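target20.tsv follows; it contains TSV, C-alpha atoms and all ligand atoms.
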chain	number	residue	atom	x	y	z
F	16	MET	CA	-13.78	-14.60	-37.10
F	17	ARG	CA	-13.28	-15.69	-33.54
F	18	GLN	CA	-11.09	-18.53	-34.58
F	19	LYS	CA	-8.98	-16.24	-36.68
F	20	TRP	CA	-8.18	-14.06	-33.68
F	21	ALA	CA	-7.91	-17.02	-31.39
F	22	CYS	CA	-5.36	-18.50	-33.78
F	23	TRP	CA	-3.34	-15.32	-33.88
F	24	PHE	CA	-3.12	-15.19	-30.12
F	25	ASP	CA	-1.56	-17.89	-28.08
F	26	PHE	CA	-4.44	-18.97	-25.90
F	27	SER	CA	-3.68	-21.51	-23.30
F	28	LYS	CA	-7.31	-22.03	-22.40
F	29	ALA	CA	-10.32	-22.40	-24.63
F	30	ALA	CA	-12.50	-21.51	-21.63
F	31	SER	CA	-11.10	-17.99	-21.61
F	32	ALA	CA	-11.86	-17.50	-25.27
F	33	SER	CA	-15.49	-18.56	-25.07
F	34	LEU	CA	-16.01	-16.50	-21.96
F	35	LEU	CA	-14.68	-13.34	-23.52
F	36	ALA	CA	-16.59	-13.88	-26.70
F	37	ALA	CA	-19.74	-14.09	-24.62
F	38	LEU	CA	-18.83	-10.84	-22.89
F	39	ALA	CA	-18.37	-9.04	-26.17
F	40	MET	CA	-21.46	-10.54	-27.76
F	41	ARG	CA	-23.53	-9.51	-24.76
F	42	ALA	CA	-22.40	-5.96	-25.35
F	43	GLY	CA	-23.94	-6.20	-28.80
F	44	ALA	CA	-20.58	-5.95	-30.46
F	45	ALA	CA	-20.40	-9.04	-32.56
F	46	ALA	CA	-17.71	-7.56	-34.72
F	47	LEU	CA	-15.63	-6.93	-31.65
F	48	ALA	CA	-16.13	-10.35	-30.20
F	49	CYS	CA	-12.84	-11.56	-31.59
F	50	MET	CA	-11.06	-8.53	-30.22
F	51	ALA	CA	-12.38	-9.26	-26.78
F	52	VAL	CA	-11.50	-12.90	-27.15
F	53	ALA	CA	-8.03	-11.92	-28.16
F	54	LEU	CA	-7.63	-9.25	-25.54
F	55	PRO	CA	-7.00	-10.60	-22.11
F	56	ALA	CA	-5.25	-13.91	-22.22
F	57	GLY	CA	-5.12	-13.58	-18.43
F	58	TRP	CA	-8.83	-12.97	-18.02
F	59	ALA	CA	-10.76	-15.81	-16.59
F	60	GLN	CA	-7.81	-18.11	-16.58
F	61	ALA	CA	-8.92	-19.01	-13.09
F	62	GLN	CA	-12.39	-19.95	-14.31
F	63	ALA	CA	-11.50	-23.59	-14.35
F	64	ALA	CA	-10.58	-23.38	-10.71
F	65	ASP	CA	-13.63	-21.44	-9.60
F	66	GLY	CA	-14.03	-21.80	-5.86
F	67	ALA	CA	-11.58	-22.99	-3.32
F	68	ALA	CA	-12.83	-26.55	-3.46
F	69	SER	CA	-11.59	-27.01	-7.02
F	70	ARG	CA	-8.40	-25.03	-6.54
F	71	ASP	CA	-5.48	-26.72	-8.23
F	72	THR	CA	-2.48	-26.51	-5.91
F	73	ARG	CA	-0.28	-29.02	-7.72
F	74	LEU	CA	2.09	-26.37	-9.01
F	75	LEU	CA	2.32	-24.65	-5.66
F	76	GLN	CA	2.99	-27.93	-3.87
F	77	SER	CA	5.52	-29.02	-6.46
F	78	CYS	CA	7.60	-25.87	-6.12
F	79	PHE	CA	7.20	-24.75	-2.51
F	80	THR	CA	6.95	-26.21	0.97
F	81	PRO	CA	4.39	-24.86	3.45
F	82	ALA	CA	7.27	-23.16	5.25
F	83	ASP	CA	8.33	-21.48	1.99
F	84	LEU	CA	4.82	-20.12	1.53
F	85	ALA	CA	4.21	-18.93	5.08
F	86	ALA	CA	4.64	-15.34	6.18
F	87	LYS	CA	8.05	-14.54	7.60
F	88	GLY	CA	9.01	-11.95	10.16
F	89	GLY	CA	10.43	-8.73	8.79
F	90	GLU	CA	8.91	-9.05	5.35
F	91	LYS	CA	5.98	-6.72	5.86
F	92	ALA	CA	7.74	-3.44	6.47
F	93	PRO	CA	8.96	-1.51	3.42
F	94	ARG	CA	12.70	-0.81	3.45
F	95	LYS	CA	13.72	2.67	2.43
F	96	GLY	CA	17.06	3.61	0.87
F	97	GLN	CA	17.20	0.50	-1.33
F	98	ARG	CA	17.93	1.37	-4.93
F	99	GLY	CA	18.93	-2.02	-6.29
F	100	PHE	CA	15.77	-2.35	-8.36
F	101	ASP	CA	15.36	1.25	-9.47
F	102	GLY	CA	16.59	0.63	-13.02
F	103	PRO	CA	14.17	-0.22	-15.82
F	104	GLU	CA	13.15	-3.78	-16.54
F	105	PRO	CA	15.49	-5.17	-19.22
F	106	ALA	CA	14.19	-4.99	-22.78
F	107	ARG	CA	12.27	-7.94	-24.13
F	108	THR	CA	9.60	-8.47	-26.73
F	109	LEU	CA	6.17	-8.63	-25.18
F	110	ARG	CA	3.68	-11.32	-26.02
F	111	PRO	CA	1.09	-10.31	-28.62
F	112	TYR	CA	-1.87	-8.29	-27.49
F	113	ALA	CA	-4.66	-6.23	-29.03
F	114	PRO	CA	-5.79	-2.77	-27.89
F	115	VAL	CA	-8.88	-2.81	-25.69
F	116	PRO	CA	-11.99	-2.51	-27.88
F	117	GLY	CA	-14.22	0.53	-27.62
F	118	HIS	CA	-16.92	-0.80	-25.35
F	119	LEU	CA	-14.39	-1.77	-22.66
F	120	ARG	CA	-12.24	1.39	-22.79
F	121	GLY	CA	-12.24	3.70	-19.79
F	122	ALA	CA	-12.02	3.23	-16.03
F	123	ILE	CA	-13.92	0.19	-14.75
F	124	ARG	CA	-15.31	0.83	-11.28
F	125	ARG	CA	-17.54	-2.16	-10.64
F	126	VAL	CA	-19.65	-4.71	-12.51
F	127	LYS	CA	-23.41	-4.83	-12.92
F	128	LEU	CA	-24.50	-8.41	-12.30
F	129	PRO	CA	-27.65	-10.31	-13.16
F	130	PRO	CA	-30.18	-10.31	-10.29
F	131	GLY	CA	-29.36	-12.74	-7.52
F	132	GLN	CA	-25.63	-13.00	-8.21
F	133	LYS	CA	-23.63	-11.92	-5.17
F	134	LEU	CA	-20.06	-11.75	-6.38
F	135	VAL	CA	-17.37	-9.43	-5.08
F	136	ALA	CA	-13.74	-8.92	-6.12
F	137	LEU	CA	-11.17	-8.24	-3.43
F	138	THR	CA	-8.15	-6.44	-4.87
F	139	LEU	CA	-4.87	-5.80	-3.12
F	140	ASP	CA	-2.17	-3.48	-4.40
F	141	LEU	CA	1.54	-4.19	-4.00
F	142	CYS	CA	2.99	-0.80	-4.85
F	143	GLU	CA	6.73	-0.13	-4.88
F	144	GLN	CA	8.35	3.21	-5.52
F	145	PRO	CA	11.96	4.08	-6.40
F	146	GLY	CA	14.42	4.09	-3.51
F	147	GLU	CA	12.73	1.35	-1.55
F	148	ILE	CA	11.85	-2.30	-1.41
F	149	ALA	CA	8.21	-2.46	-0.43
F	150	GLY	CA	6.82	-5.07	1.91
F	151	TYR	CA	5.02	-8.39	1.51
F	152	ASP	CA	2.12	-8.74	3.91
F	153	GLY	CA	2.24	-12.51	4.24
F	154	ALA	CA	-0.44	-12.60	6.93
F	155	ILE	CA	-2.99	-11.45	4.33
F	156	ILE	CA	-1.93	-14.01	1.75
F	157	ASP	CA	-1.81	-16.80	4.37
F	158	TYR	CA	-5.35	-15.94	5.48
F	159	LEU	CA	-6.71	-15.87	1.93
F	160	ARG	CA	-5.09	-19.24	1.22
F	161	LYS	CA	-6.40	-20.75	4.44
F	162	GLU	CA	-9.93	-19.60	3.69
F	163	GLY	CA	-9.79	-20.16	-0.08
F	164	VAL	CA	-10.64	-16.52	-0.79
F	165	LYS	CA	-9.80	-15.36	-4.30
F	166	ALA	CA	-8.17	-11.99	-4.86
F	167	THR	CA	-6.64	-9.94	-7.64
F	168	LEU	CA	-3.18	-8.61	-6.86
F	169	PHE	CA	-2.10	-5.44	-8.62
F	170	ILE	CA	1.69	-5.65	-8.46
F	171	GLY	CA	4.27	-3.03	-9.36
F	172	GLY	CA	6.96	-3.99	-11.87
F	173	LYS	CA	9.67	-3.18	-9.36
F	174	TRP	CA	7.96	-5.34	-6.73
F	175	LEU	CA	7.88	-8.29	-9.12
F	176	ARG	CA	11.63	-8.03	-9.53
F	177	SER	CA	12.48	-7.30	-5.89
F	178	HIS	CA	10.33	-10.19	-4.62
F	179	GLU	CA	10.84	-12.82	-7.30
F	180	THR	CA	10.26	-15.84	-5.06
F	181	ARG	CA	7.07	-14.37	-3.62
F	182	ALA	CA	6.03	-13.40	-7.15
F	183	ARG	CA	6.49	-17.00	-8.30
F	184	GLN	CA	4.40	-18.23	-5.37
F	185	LEU	CA	1.58	-15.83	-6.19
F	186	ILE	CA	1.73	-16.60	-9.92
F	187	ALA	CA	1.62	-20.33	-9.21
F	188	ASP	CA	-1.49	-20.07	-7.03
F	189	PRO	CA	-4.78	-20.10	-8.99
F	190	LEU	CA	-6.41	-18.36	-6.04
F	191	PHE	CA	-4.78	-15.14	-7.22
F	192	GLU	CA	-5.01	-13.15	-10.41
F	193	ILE	CA	-1.88	-11.12	-11.05
F	194	ALA	CA	-2.26	-7.66	-12.57
F	195	ASN	CA	-0.19	-4.61	-13.47
F	196	HIS	CA	0.26	-1.72	-11.01
F	197	ALA	CA	2.77	0.35	-13.00
F	198	ALA	CA	6.54	0.07	-12.88
F	199	ALA	CA	7.48	2.36	-9.99
F	200	HIS	CA	4.20	3.84	-8.80
F	201	ARG	CA	4.51	7.12	-10.61
F	202	ASN	CA	1.58	9.42	-11.24
F	203	LEU	CA	0.76	8.65	-14.86
F	204	ARG	CA	-1.06	11.95	-15.26
F	205	LEU	CA	2.35	13.64	-15.18
F	206	LEU	CA	4.09	11.41	-17.71
F	207	THR	CA	4.20	11.34	-21.49
F	208	GLY	CA	6.01	9.44	-24.22
F	209	LYS	CA	8.69	6.98	-23.24
F	210	ARG	CA	8.28	7.47	-19.48
F	211	LEU	CA	4.56	6.84	-19.66
F	212	ARG	CA	5.13	3.78	-21.82
F	213	GLU	CA	7.73	2.43	-19.38
F	214	GLU	CA	5.34	2.64	-16.42
F	215	ILE	CA	2.82	0.58	-18.38
F	216	GLU	CA	5.05	-1.84	-20.28
F	217	GLY	CA	7.81	-2.32	-17.67
F	218	PRO	CA	5.64	-4.53	-15.44
F	219	GLN	CA	4.47	-6.49	-18.48
F	220	ARG	CA	8.11	-7.26	-19.26
F	221	ALA	CA	8.79	-8.06	-15.59
F	222	TYR	CA	5.87	-10.50	-15.42
F	223	GLU	CA	6.75	-12.19	-18.67
F	224	ALA	CA	10.38	-12.49	-17.57
F	225	VAL	CA	9.33	-14.13	-14.28
F	226	HIS	CA	6.98	-16.40	-16.21
F	227	GLU	CA	9.74	-17.41	-18.60
F	228	SER	CA	12.36	-18.09	-15.94
F	229	PHE	CA	9.89	-19.91	-13.68
F	230	ALA	CA	8.84	-22.13	-16.58
F	231	LYS	CA	12.38	-23.52	-16.70
F	232	ALA	CA	12.31	-24.67	-13.08
F	233	GLN	CA	12.24	-28.45	-12.65
F	234	CYS	CA	9.23	-28.23	-10.31
F	235	VAL	CA	7.25	-26.51	-13.09
F	236	ARG	CA	8.40	-28.82	-15.85
F	237	SER	CA	7.00	-31.74	-13.89
F	238	GLN	CA	3.59	-30.02	-13.72
F	239	THR	CA	2.88	-29.29	-17.36
F	240	GLN	CA	-0.88	-29.43	-17.04
F	241	ALA	CA	-1.08	-27.10	-14.03
F	242	TRP	CA	1.35	-24.68	-15.67
F	243	THR	CA	-0.92	-24.21	-18.69
F	244	SER	CA	-3.45	-22.45	-16.46
F	245	VAL	CA	-0.94	-19.78	-15.48
F	246	PRO	CA	-1.59	-16.69	-17.64
F	247	GLN	CA	1.23	-15.77	-19.98
F	248	ARG	CA	0.61	-12.04	-19.71
F	249	MET	CA	-1.19	-9.65	-17.41
F	250	ALA	CA	-4.42	-8.20	-18.75
F	251	LEU	CA	-5.51	-5.72	-16.07
F	252	PHE	CA	-3.97	-2.43	-14.92
F	253	ARG	CA	-4.47	-0.18	-11.91
F	254	PHE	CA	-3.31	3.42	-11.89
F	255	PRO	CA	-1.06	4.46	-8.98
F	256	PHE	CA	-2.93	6.90	-6.71
F	257	GLY	CA	-6.05	6.01	-8.70
F	258	ALA	CA	-5.06	8.93	-10.93
F	259	CYS	CA	-5.29	9.06	-14.71
F	260	ASN	CA	-6.02	11.46	-17.52
F	261	LYS	CA	-7.29	10.76	-21.02
F	262	ALA	CA	-3.79	10.26	-22.45
F	263	SER	CA	-2.71	7.74	-19.83
F	264	LEU	CA	-6.04	5.93	-19.92
F	265	ASP	CA	-5.73	5.64	-23.69
F	266	ALA	CA	-2.14	4.43	-23.36
F	267	VAL	CA	-3.17	1.71	-20.91
F	268	ASN	CA	-6.06	0.55	-23.09
F	269	ASN	CA	-3.88	0.68	-26.21
F	270	ALA	CA	-1.43	-1.63	-24.40
F	271	GLY	CA	-4.20	-4.22	-24.20
F	272	LEU	CA	-4.90	-3.63	-20.52
F	273	LEU	CA	-8.26	-3.00	-18.87
F	274	ALA	CA	-8.13	-0.12	-16.38
F	275	ILE	CA	-9.54	-1.33	-13.06
F	276	GLN	CA	-10.51	1.12	-10.33
F	277	TRP	CA	-12.81	0.29	-7.40
F	278	ASP	CA	-16.06	1.27	-5.72
F	279	VAL	CA	-15.17	0.21	-2.16
F	280	SER	CA	-12.20	1.92	-0.55
F	281	THR	CA	-10.83	0.43	2.66
F	282	GLY	CA	-8.75	3.51	3.47
F	283	ASP	CA	-6.01	1.14	4.62
F	284	PRO	CA	-2.96	3.25	3.64
F	285	TRP	CA	-3.81	5.54	6.53
F	286	PRO	CA	-2.10	4.21	9.68
F	287	GLY	CA	-4.98	5.53	11.75
F	288	GLN	CA	-7.51	3.34	9.96
F	289	SER	CA	-8.16	0.54	12.46
F	290	ALA	CA	-8.97	-3.04	11.51
F	291	LYS	CA	-12.51	-2.48	12.72
F	292	ALA	CA	-12.86	0.64	10.60
F	293	ILE	CA	-11.51	-1.14	7.50
F	294	ALA	CA	-13.91	-4.02	8.04
F	295	ALA	CA	-16.78	-1.59	8.55
F	296	GLU	CA	-15.94	0.21	5.28
F	297	ILE	CA	-15.89	-3.09	3.41
F	298	LEU	CA	-19.19	-4.23	4.90
F	299	ARG	CA	-20.84	-0.85	4.40
F	300	GLY	CA	-19.73	-0.36	0.81
F	301	THR	CA	-19.92	-3.81	-0.74
F	302	ARG	CA	-22.78	-4.52	-3.15
F	303	PRO	CA	-23.04	-7.34	-5.67
F	304	GLY	CA	-20.41	-6.59	-8.34
F	305	SER	CA	-18.20	-4.46	-6.09
F	306	ILE	CA	-14.46	-4.11	-6.42
F	307	VAL	CA	-12.74	-3.57	-3.05
F	308	ILE	CA	-9.27	-2.01	-2.79
F	309	GLY	CA	-6.72	-2.70	-0.06
F	310	HIS	CA	-2.94	-3.11	0.17
F	311	ALA	CA	-0.67	-6.11	0.74
F	312	ASN	CA	2.70	-4.36	0.48
F	313	GLY	CA	2.99	-3.41	4.13
F	314	ARG	CA	1.13	-0.16	3.64
F	315	GLY	CA	-2.21	-1.65	4.44
F	316	PHE	CA	-1.40	-1.15	8.06
F	317	ASN	CA	-4.29	-3.06	9.60
F	318	THR	CA	-5.62	-4.92	6.58
F	319	ALA	CA	-4.45	-8.35	7.73
F	320	ALA	CA	-6.49	-7.98	10.91
F	321	ALA	CA	-9.46	-6.46	9.10
F	322	LEU	CA	-10.07	-9.13	6.47
F	323	PRO	CA	-10.94	-11.88	8.99
F	324	LEU	CA	-13.49	-9.46	10.46
F	325	ALA	CA	-15.16	-8.63	7.13
F	326	ILE	CA	-14.83	-11.66	4.87
F	327	PRO	CA	-16.74	-14.22	7.01
F	328	LYS	CA	-19.60	-11.73	7.35
F	329	LEU	CA	-19.79	-11.17	3.61
F	330	LYS	CA	-19.72	-14.92	3.03
F	331	ALA	CA	-22.53	-15.30	5.56
F	332	GLN	CA	-24.51	-12.75	3.54
F	333	GLY	CA	-24.14	-14.99	0.50
F	334	TYR	CA	-21.24	-13.23	-1.22
F	335	ARG	CA	-18.72	-15.23	-3.19
F	336	PHE	CA	-15.21	-13.89	-3.78
F	337	VAL	CA	-13.98	-14.00	-7.36
F	338	THR	CA	-11.13	-12.48	-9.32
F	339	VAL	CA	-11.70	-9.26	-11.25
F	340	SER	CA	-11.65	-11.17	-14.53
F	341	GLU	CA	-14.30	-13.56	-13.25
F	342	LEU	CA	-16.39	-10.63	-12.06
F	343	LEU	CA	-16.12	-8.97	-15.46
F	344	ALA	CA	-17.14	-12.17	-17.18
F	345	ALA	CA	-20.24	-12.45	-15.00
F	346	GLY	CA	-21.84	-9.13	-15.91
F	347	GLU	CA	-21.49	-5.70	-17.51
F	348	PRO	CA	-18.62	-3.48	-16.39
F	349	GLU	CA	-19.58	0.00	-15.21
F	350	ILE	CA	-17.15	2.27	-16.98
F	351	VAL	CA	-16.42	5.96	-16.50
F	352	SER	CA	-14.12	8.30	-18.39
F	353	SER	CA	-12.02	9.47	-15.45
F	354	CYS	CA	-10.19	7.88	-12.53
F	355	TYR	CA	-11.07	8.70	-8.94
F	356	ASN	CA	-11.31	7.32	-5.42
F	357	LEU	CA	-14.73	8.31	-4.08
F	358	LYS	CA	-15.83	11.08	-6.44
F	359	PRO	CA	-14.61	12.44	-9.79
F	360	GLY	CA	-11.53	14.65	-9.48
F	361	ASP	CA	-10.51	13.58	-5.98
F	362	THR	CA	-7.26	11.97	-7.10
F	363	ASP	CA	-6.21	14.86	-9.34
F	364	ARG	CA	-4.65	16.48	-6.28
F	365	TYR	CA	-1.77	14.03	-6.53
F	366	ASP	CA	-0.46	16.08	-9.43
F	367	ASN	CA	0.88	18.36	-6.71
F	368	LEU	CA	1.84	15.67	-4.30
F	369	ALA	CA	5.32	16.99	-3.60
F	370	THR	CA	3.87	20.38	-2.76
F	371	ALA	CA	1.15	18.76	-0.72
F	372	PHE	CA	3.74	16.87	1.31
F	373	ARG	CA	5.57	20.06	2.07
F	374	ARG	CA	2.31	21.54	3.34
F	375	LYS	CA	1.49	18.34	5.23
F	376	LEU	CA	-0.89	15.94	3.64
F	377	PRO	CA	-4.53	15.75	4.61
F	378	LYS	CA	-5.13	13.05	7.20
F	379	ARG	CA	-6.82	10.59	4.88
F	380	PRO	CA	-5.19	9.74	1.57
F	381	ALA	CA	-6.84	8.31	-1.50
F	382	ALA	CA	-7.48	4.62	-1.50
F	383	ASP	CA	-4.35	3.85	-3.40
F	384	GLY	CA	-2.17	5.34	-0.77
F	385	ALA	CA	-0.49	8.64	-1.32
F	386	LYS	CA	0.54	8.60	2.30
F	387	GLY	CA	2.23	5.40	3.27
F	388	ALA	CA	5.12	4.95	5.62
F	389	GLY	CA	7.68	7.36	4.30
F	390	GLY	CA	5.18	8.71	1.77
F	391	TRP	CA	5.25	8.63	-1.97
F	392	SER	CA	6.65	12.07	-2.57
F	393	ALA	CA	9.86	10.75	-4.06
F	394	THR	CA	7.94	9.22	-6.93
F	395	VAL	CA	6.41	12.45	-8.15
F	396	LYS	CA	8.08	14.19	-10.99
F	397	LYS	CA	6.97	17.16	-12.98
F	398	LYS	CA	6.20	16.77	-16.66
F	399	PRO	CA	9.31	16.02	-18.65
S	401	ZN	ZN	-0.48	1.70	-5.39
Any chance you could give the structure as structure tokens?
Ligand SMILES: [Zn+2]
Amino acid sequence: MRQKWACWFDFSKAASASLLAALAMRAGAAALACMAVALPAGWAQAQAADGAASRDTRLLQSCFTPADLAAKGGEKAPRKGQRGFDGPEPARTLRPYAPVPGHLRGAIRRVKLPPGQKLVALTLDLCEQPGEIAGYDGAIIDYLRKEGVKATLFIGGKWLRSHETRARQLIADPLFEIANHAAAHRNLRLLTGKRLREEIEGPQRAYEAVHESFAKAQCVRSQTQAWTSVPQRMALFRFPFGACNKASLDAVNNAGLLAIQWDVSTGDPWPGQSAKAIAAEILRGTRPGSIVIGHANGRGFNTAAALPLAIPKLKAQGYRFVTVSELLAAGEPEIVSSCYNLKPGDTDRYDNLATAFRRKLPKRPAADGAKGAGGWSATVKKKP
């Protein structure tokens, strides 16, 4: 059965298939094993390059110089009043996918690991709303590369298009898993039909378009073997504002995407959250199997300074940083039926974000950043 599904889908790595089959079988769902195998072509693609020591940088080195990769001045701050990327991603046929099977549907908050395994997944969101070009916090990416720290980057569809060179660099680096963070950071609880579908599928089209155009570059064509480890589609999704309802959660899972929340919130979209406070939150909240959320789009105001405070301490405690897909493959996901930041219902307030902005927002936003520089109010629309 597994081979049948595996044949239907275009797997670039046998390792991914066996890993996902094991995940499904462990859940006691033999009949669903093929579904899980077929599901996330992106899952565990980085397995072969587990750990910085075995990181394959051939593709990165072939396509970019160190100067190309390094952070540049002026890139971090979001630029408001830029509407050049506000239109939808051009139509294209998405790669095949299967809906998420029953035992993996819902909002994944963390992963229960076998005793003794100290894995943690750092996740960084790169949100971009209409009417702006969000930032690229190169200091974070440079640090993670220098230290060989894996991370999963939840990237907005608009961001992928407005930062195509940076997107190529991140896609080409096996240190990073690239995942879907909606098209334009809209509150999916307020959307239905075509608009809901666009927020979910737009970034899939954007990623696959970048993948296709990048594949034609000479520097990629000379690195055939390294290129095969680059996932052909994204398999994970994060809801903007950490807000979902049953309809949007179903829509995400039906699109073949696992919904990934978090159990450790850095609070970094709040400008008042110091580097020390972010590091303290990470160190206080992290347990084996944790998923930590921060931002790398310029709205994690002190994140770049915080990570060097927290990461070496976690490493010293025996933690190993892995991608979300690797974390999922190592244990049992803890899944809930609603999306929230710290407790159920706490992100529902973003349904009234525009009103809330008029009344002045509370000082501390949800982890996914309702209050960034300039705020997110422009993204909120009432139900169509
Ligand atoms: Zn976001």
Given 6 Å and all atoms listed in the file, residues near ligand ZN 401 (chain S) as a ChimeraX atom specification: /F:140,142,255-256,383
Write a file of the selected residues as an mmCIF file, in the coordinates of the input, keeping C-alpha atoms.
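Once everything was written out, this is part-v6.cif:
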data_model
loop_
_atom_site.group_PDB
_atom_site.id
_atom_site.type_symbol
_atom_site.label_atom_id
_atom_site.label_comp_id
_atom_site.auth_asym_id
_atom_site.auth_seq_id
_atom_site.Cartn_x
_atom_site.Cartn_y
_atom_site.Cartn_z
ATOM 1 C CA ASP F 140 -2.170 -3.480 -4.400
ATOM 2 C CA CYS F 142 2.990 -0.800 -4.850
ATOM 3 C CA PRO F 255 -1.060 4.460 -8.980
ATOM 4 C CA PHE F 256 -2.930 6.900 -6.710
ATOM 5 C CA ASP F 383 -4.350 3.850 -3.400
#
Nearest candidate to Gln247 of chain F (options F:Ala154, F:Ala224, F:Leu190, F:Leu343; using all atoms listed in the file):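 That would be F:Ala224, the residue with the smallest distance to Gln247 of chain F.
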Pairwise distance for atom CA of Leu357 of chain F and atom CA of Gly300 of chain F, rounded to one decimal in Å: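 For atom CA of Leu357 of chain F relative to atom CA of Gly300 of chain F, the distance reads 11.1 Å.
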Each segment 237-278 of chain F residue no farther than 12 Å from segment 206-210 of chain F, nearest pair in Å, only C-alpha atoms, as a Markdown table:
| residue | atom | partner | partner_atom | distance |
| --- | --- | --- | --- | --- |
| F:Ala258 | CA | F:Leu206 | CA | 11.7 |
| F:Cys259 | CA | F:Leu206 | CA | 10.1 |
| F:Asn260 | CA | F:Leu206 | CA | 10.1 |
| F:Lys261 | CA | F:Thr207 | CA | 11.5 |
| F:Ala262 | CA | F:Thr207 | CA | 8.1 |
| F:Ser263 | CA | F:Thr207 | CA | 8.0 |
| F:Leu264 | CA | F:Thr207 | CA | 11.7 |
| F:Asp265 | CA | F:Thr207 | CA | 11.7 |
| F:Ala266 | CA | F:Thr207 | CA | 9.6 |
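The closest residue to Gln276 of chain F, picked from F:Gln76, F:Thr362, F:Ser244, F:Gln184 and counting only C-alpha atoms, is F:Thr362.
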Distance criterion (all atoms listed in the file): nearest to Ala92 of chain F out of F:Ala325, F:Leu128, F:Ala241, F:Ala311: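 With all atoms listed in the file as the atom set, the closest residue is F:Ala311.
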